[in-house]
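> Sharing a structure below in structure tokens format, with a few things to ask.
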Amino acid sequence: MSDGPAPVLRAESLVKTHYGEGAPAHAVRGVNLRVRQGEFVAVTGPSGAGKSTLLHLLGGLQRPDGGSIWLDGACANAWSEARWAMERRKRIGIVFQFFNLVSNLSVADNVELPALLAGTSPKQARAGREELLAELGLAGKERSMPGELSGGEQQRVALARALVNQPPLLLADEPAGSLDSKGTREVMRLLSRFHQRGQTIVLVTHDARLASAADRVISFFDGRIADDATLDGTPSPRTGISGVLELRD
């Protein structure tokens, strides 16, 4: 496509099959996807549809069986695990359902660690951490351990950790999946705030409330994109799929 700059993220004909006991599970079946700078894309669908597998492929946490992934116009097919790890430190922030914080590190150390690994000076890492924690309502929690925090607080720490290197792309995998309704509202509000500042976000969720914060919603079913529309009801030009979008909790 030639409409504007290259997408931040592009997937072409992605395929991923899981093999285990029983029949193979075709998690992702030939998915094409383009995400432009500043977009907030929610991927919704029932449990087992392949949403999380798709997100893990986009972040290099799993490798596709077929197809290609492009980040900022660069093809990632030949990237090593080390290259993907570097990209996740600098250009891709990831937030998971179960926080994935380092349990024996303080809140401050959890947030600063990705910055230090990316080569940021300790002084800059500390400044970035202080700014994010204050913004996320966690000032005064720096020395706390993750186990001393509520689920909502842990997810805010995870969000700070994902954003400390100011990555162009944020991937969020069911970020409110283990939170109560208050925590879900907090996550929704924070994602909306960062999106309004220009953050590109791809969110996987089964929760219609979270999806409603996005400006584009992809309905994912049986490993395929079943629908792709902006929330004003117009079809997305990124996949050529049209139709009225229905959100089901």
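Chain labels run A, B, ... following the order of the structure tokens; each chain numbers its residues from 1, and ligands are numbered from 1 in the order shown.
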Might you pull out every residue within 12 Å of Glu148 in chain A, with only C-alpha atoms counted and same-chain residues fewer than 5 positions away left off, and present them as a ChimeraX atom specification?
/A:103-107,141-143,153-154
> As a PyMOL selection string, which residues of range 70-202 of chain A does DSSP assign to strand (DSSP E or B)?
chain A and resi 70-71+74-75+92-95+169-173+200-202
> Identify, with DSSP run on backbone atoms, the residues in range 16-243 of chain A assigned to helix (DSSP H, G or I), and express the list as JSON, numbers by chain.
{"A": [51, 52, 53, 54, 55, 56, 57, 58, 81, 82, 83, 84, 85, 86, 87, 88, 89, 90, 107, 108, 109, 110, 111, 112, 113, 114, 115, 116, 117, 122, 123, 124, 125, 126, 127, 128, 129, 130, 131, 132, 133, 134, 135, 146, 147, 148, 151, 152, 153, 154, 155, 156, 157, 158, 159, 160, 161, 162, 163, 181, 182, 183, 184, 185, 186, 187, 188, 189, 190, 191, 192, 193, 194, 195, 196, 208, 209, 210, 211]}
> Please, could you write that set of residues out with C-alpha atoms as a PDB file, in the first residue's frame?

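Done, and the output landed in selection.pdb:
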```pdb
ATOM      1  CA  LYS A  51      -5.415 -13.752  19.661  1.00  0.00           C
ATOM      2  CA  SER A  52      -2.535 -14.180  22.108  1.00  0.00           C
ATOM      3  CA  THR A  53      -0.571 -16.328  19.666  1.00  0.00           C
ATOM      4  CA  LEU A  54      -0.905 -13.539  17.092  1.00  0.00           C
ATOM      5  CA  LEU A  55       0.399 -10.975  19.596  1.00  0.00           C
ATOM      6  CA  HIS A  56       3.298 -13.229  20.580  1.00  0.00           C
ATOM      7  CA  LEU A  57       4.244 -13.587  16.917  1.00  0.00           C
ATOM      8  CA  LEU A  58       4.153  -9.807  16.451  1.00  0.00           C
ATOM      9  CA  GLU A  81      16.549 -14.361  19.359  1.00  0.00           C
ATOM     10  CA  ALA A  82      19.128 -11.789  20.478  1.00  0.00           C
ATOM     11  CA  ARG A  83      17.936  -9.286  17.855  1.00  0.00           C
ATOM     12  CA  TRP A  84      14.309  -9.780  18.894  1.00  0.00           C
ATOM     13  CA  ALA A  85      15.313  -9.300  22.551  1.00  0.00           C
ATOM     14  CA  MET A  86      16.998  -6.025  21.618  1.00  0.00           C
ATOM     15  CA  GLU A  87      13.890  -4.892  19.717  1.00  0.00           C
ATOM     16  CA  ARG A  88      11.718  -5.690  22.740  1.00  0.00           C
ATOM     17  CA  ARG A  89      13.992  -3.567  24.910  1.00  0.00           C
ATOM     18  CA  LYS A  90      14.032  -0.557  22.619  1.00  0.00           C
ATOM     19  CA  VAL A 107       9.113  -1.662  41.903  1.00  0.00           C
ATOM     20  CA  ALA A 108      11.902   0.820  41.064  1.00  0.00           C
ATOM     21  CA  ASP A 109      14.261  -1.920  39.900  1.00  0.00           C
ATOM     22  CA  ASN A 110      11.550  -3.644  37.825  1.00  0.00           C
ATOM     23  CA  VAL A 111      10.898  -0.418  35.914  1.00  0.00           C
ATOM     24  CA  GLU A 112      14.530   0.655  35.555  1.00  0.00           C
ATOM     25  CA  LEU A 113      15.858  -2.735  34.426  1.00  0.00           C
ATOM     26  CA  PRO A 114      14.726  -2.542  30.757  1.00  0.00           C
ATOM     27  CA  ALA A 115      16.205   0.958  30.469  1.00  0.00           C
ATOM     28  CA  LEU A 116      19.556  -0.158  31.882  1.00  0.00           C
ATOM     29  CA  LEU A 117      19.572  -3.223  29.592  1.00  0.00           C
ATOM     30  CA  PRO A 122      21.467   4.969  35.575  1.00  0.00           C
ATOM     31  CA  LYS A 123      20.625   8.652  36.035  1.00  0.00           C
ATOM     32  CA  GLN A 124      18.340   8.700  32.968  1.00  0.00           C
ATOM     33  CA  ALA A 125      16.758   5.379  33.896  1.00  0.00           C
ATOM     34  CA  ARG A 126      15.959   6.704  37.367  1.00  0.00           C
ATOM     35  CA  ALA A 127      14.476   9.901  35.953  1.00  0.00           C
ATOM     36  CA  GLY A 128      12.318   7.954  33.486  1.00  0.00           C
ATOM     37  CA  ARG A 129      11.152   5.625  36.234  1.00  0.00           C
ATOM     38  CA  GLU A 130      10.275   8.479  38.603  1.00  0.00           C
ATOM     39  CA  GLU A 131       8.266  10.275  35.909  1.00  0.00           C
ATOM     40  CA  LEU A 132       6.292   7.186  34.910  1.00  0.00           C
ATOM     41  CA  LEU A 133       5.544   6.001  38.439  1.00  0.00           C
ATOM     42  CA  ALA A 134       4.327   9.461  39.417  1.00  0.00           C
ATOM     43  CA  GLU A 135       2.086   9.616  36.354  1.00  0.00           C
ATOM     44  CA  PRO A 146       5.532  -6.700  43.653  1.00  0.00           C
ATOM     45  CA  GLY A 147       3.898  -9.103  46.122  1.00  0.00           C
ATOM     46  CA  GLU A 148       3.024  -6.180  48.387  1.00  0.00           C
ATOM     47  CA  GLY A 151      -3.216  -6.530  41.103  1.00  0.00           C
ATOM     48  CA  GLY A 152      -4.062  -3.145  39.623  1.00  0.00           C
ATOM     49  CA  GLU A 153      -0.884  -1.625  41.054  1.00  0.00           C
ATOM     50  CA  GLN A 154       1.221  -4.499  39.705  1.00  0.00           C
ATOM     51  CA  GLN A 155      -0.267  -3.992  36.236  1.00  0.00           C
ATOM     52  CA  ARG A 156       0.550  -0.276  36.410  1.00  0.00           C
ATOM     53  CA  VAL A 157       4.151  -1.174  37.311  1.00  0.00           C
ATOM     54  CA  ALA A 158       4.183  -3.552  34.323  1.00  0.00           C
ATOM     55  CA  LEU A 159       2.899  -0.734  32.115  1.00  0.00           C
ATOM     56  CA  ALA A 160       5.625   1.609  33.402  1.00  0.00           C
ATOM     57  CA  ARG A 161       8.237  -1.073  32.681  1.00  0.00           C
ATOM     58  CA  ALA A 162       6.907  -1.532  29.142  1.00  0.00           C
ATOM     59  CA  LEU A 163       6.979   2.219  28.441  1.00  0.00           C
ATOM     60  CA  SER A 181     -13.586  -3.917  37.343  1.00  0.00           C
ATOM     61  CA  LYS A 182     -11.738  -1.045  39.076  1.00  0.00           C
ATOM     62  CA  GLY A 183      -8.396  -2.307  37.782  1.00  0.00           C
ATOM     63  CA  THR A 184      -9.877  -2.746  34.316  1.00  0.00           C
ATOM     64  CA  ARG A 185     -11.051   0.877  34.295  1.00  0.00           C
ATOM     65  CA  GLU A 186      -7.583   2.019  35.406  1.00  0.00           C
ATOM     66  CA  VAL A 187      -5.872   0.122  32.590  1.00  0.00           C
ATOM     67  CA  MET A 188      -8.411   1.422  30.053  1.00  0.00           C
ATOM     68  CA  ARG A 189      -7.890   5.011  31.191  1.00  0.00           C
ATOM     69  CA  LEU A 190      -4.093   4.729  31.103  1.00  0.00           C
ATOM     70  CA  LEU A 191      -3.979   3.112  27.654  1.00  0.00           C
ATOM     71  CA  SER A 192      -6.288   5.852  26.338  1.00  0.00           C
ATOM     72  CA  ARG A 193      -4.072   8.540  27.843  1.00  0.00           C
ATOM     73  CA  PHE A 194      -0.897   7.217  26.224  1.00  0.00           C
ATOM     74  CA  HIS A 195      -2.710   6.700  22.925  1.00  0.00           C
ATOM     75  CA  GLN A 196      -3.821  10.340  22.952  1.00  0.00           C
ATOM     76  CA  ALA A 208     -15.623  -5.225  25.196  1.00  0.00           C
ATOM     77  CA  ARG A 209     -15.043  -2.394  27.678  1.00  0.00           C
ATOM     78  CA  LEU A 210     -11.309  -2.359  27.006  1.00  0.00           C
ATOM     79  CA  ALA A 211     -11.818  -2.761  23.274  1.00  0.00           C
TER      80      ALA A 211
END
```
> Under the rule of at most 10 Å, produce a per-residue listing of range 87-186 of chain A near range 63-74 of chain A: chain, number, name, the closest pair of atoms, and the distance in Å, as CSV, using only C-alpha atoms.

```
residue,atom,partner,partner_atom,distance
A:Glu87,CA,A:Leu71,CA,9.5
A:Arg91,CA,A:Leu71,CA,9.1
A:Ile92,CA,A:Leu71,CA,9.6
A:Pro168,CA,A:Asp72,CA,9.5
A:Leu169,CA,A:Leu71,CA,9.4
```
> Would you save the residues of that selection, restricted to N, CA and C atoms, as a tab-separated table (two decimals), in the first residue's frame?

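Resulting contents of selection.tsv:
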```tsv
chain	number	residue	atom	x	y	z
A	87	GLU	N	15.06	-5.65	20.19
A	87	GLU	CA	13.89	-4.89	19.72
A	87	GLU	C	12.86	-4.72	20.83
A	91	ARG	N	12.18	-1.01	21.09
A	91	ARG	CA	11.13	-0.57	20.16
A	91	ARG	C	9.77	-1.20	20.39
A	92	ILE	N	9.72	-2.25	21.20
A	92	ILE	CA	8.44	-2.93	21.45
A	92	ILE	C	8.26	-3.12	22.95
A	168	PRO	N	8.19	2.75	20.24
A	168	PRO	CA	7.19	3.18	19.26
A	168	PRO	C	5.92	2.33	19.30
A	169	LEU	N	6.05	1.05	19.72
A	169	LEU	CA	4.94	0.11	19.67
A	169	LEU	C	4.73	-0.53	21.04
```
> Separation of CA of Arg36 in chain A and CA of Val15 in chain A, in Å?
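One can read the CA of Arg36 in chain A to CA of Val15 in chain A distance as 21.6 Å.
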> Need the shell around Ala172 in chain A: protein/DNA/RNA residues with any atom at most 7 Å away, counting only C-alpha atoms. Skip same-chain ones fewer than 3 positions apart. Format as a PyMOL selection string?
chain A and resi 94-96+175+202-204
> Tell me, as a PDB file with N, CA and C atoms, in the first residue's frame, which residues lie within 8 Å of Val28 in chain A, counting only C-alpha atoms; anything in the same chain fewer than 5 positions away does not count.

```pdb
ATOM      1  N   LEU A  14       0.683 -14.569   7.906  1.00  0.00           N
ATOM      2  CA  LEU A  14       1.218 -15.241   9.093  1.00  0.00           C
ATOM      3  C   LEU A  14       0.490 -16.550   9.369  1.00  0.00           C
ATOM      4  N   VAL A  15       1.270 -17.588   9.664  1.00  0.00           N
ATOM      5  CA  VAL A  15       0.728 -18.905   9.989  1.00  0.00           C
ATOM      6  C   VAL A  15       1.450 -19.435  11.226  1.00  0.00           C
ATOM      7  N   LYS A  16       0.671 -19.976  12.174  1.00  0.00           N
ATOM      8  CA  LYS A  16       1.262 -20.642  13.339  1.00  0.00           C
ATOM      9  C   LYS A  16       0.364 -21.791  13.761  1.00  0.00           C
ATOM     10  N   THR A  17       0.955 -22.979  13.859  1.00  0.00           N
ATOM     11  CA  THR A  17       0.232 -24.172  14.293  1.00  0.00           C
ATOM     12  C   THR A  17       0.914 -24.728  15.535  1.00  0.00           C
ATOM     13  N   GLY A  50      -6.911 -17.610  19.023  1.00  0.00           N
ATOM     14  CA  GLY A  50      -5.558 -17.396  18.505  1.00  0.00           C
ATOM     15  C   GLY A  50      -5.048 -15.985  18.716  1.00  0.00           C
ATOM     16  N   THR A  53      -1.616 -15.812  20.558  1.00  0.00           N
ATOM     17  CA  THR A  53      -0.571 -16.328  19.666  1.00  0.00           C
ATOM     18  C   THR A  53      -0.186 -15.273  18.637  1.00  0.00           C
ATOM     19  N   LEU A  54      -1.188 -14.596  18.058  1.00  0.00           N
ATOM     20  CA  LEU A  54      -0.905 -13.539  17.092  1.00  0.00           C
ATOM     21  C   LEU A  54      -0.035 -12.461  17.724  1.00  0.00           C
ATOM     22  N   ASP A 222     -11.080 -18.241  15.092  1.00  0.00           N
ATOM     23  CA  ASP A 222     -10.532 -19.453  14.485  1.00  0.00           C
ATOM     24  C   ASP A 222      -9.264 -19.158  13.685  1.00  0.00           C
ATOM     25  N   GLY A 223      -8.398 -18.301  14.265  1.00  0.00           N
ATOM     26  CA  GLY A 223      -7.105 -18.035  13.651  1.00  0.00           C
ATOM     27  C   GLY A 223      -7.118 -17.056  12.501  1.00  0.00           C
ATOM     28  N   ARG A 224      -8.282 -16.436  12.243  1.00  0.00           N
ATOM     29  CA  ARG A 224      -8.386 -15.524  11.105  1.00  0.00           C
ATOM     30  C   ARG A 224      -9.032 -14.206  11.533  1.00  0.00           C
TER      31      ARG A 224
END
```
> What does the distance between CA of Glu12 in chain A and CA of Ala118 in chain A come to in Å, to one decimal place?
28.8 Å
> What separation in Å, quoted to one decimal, exists between CA of Ser150 in chain A and CA of Leu179 in chain A?
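Computing the Euclidean distance for CA of Ser150 in chain A and CA of Leu179 in chain A yields 9.3 Å.
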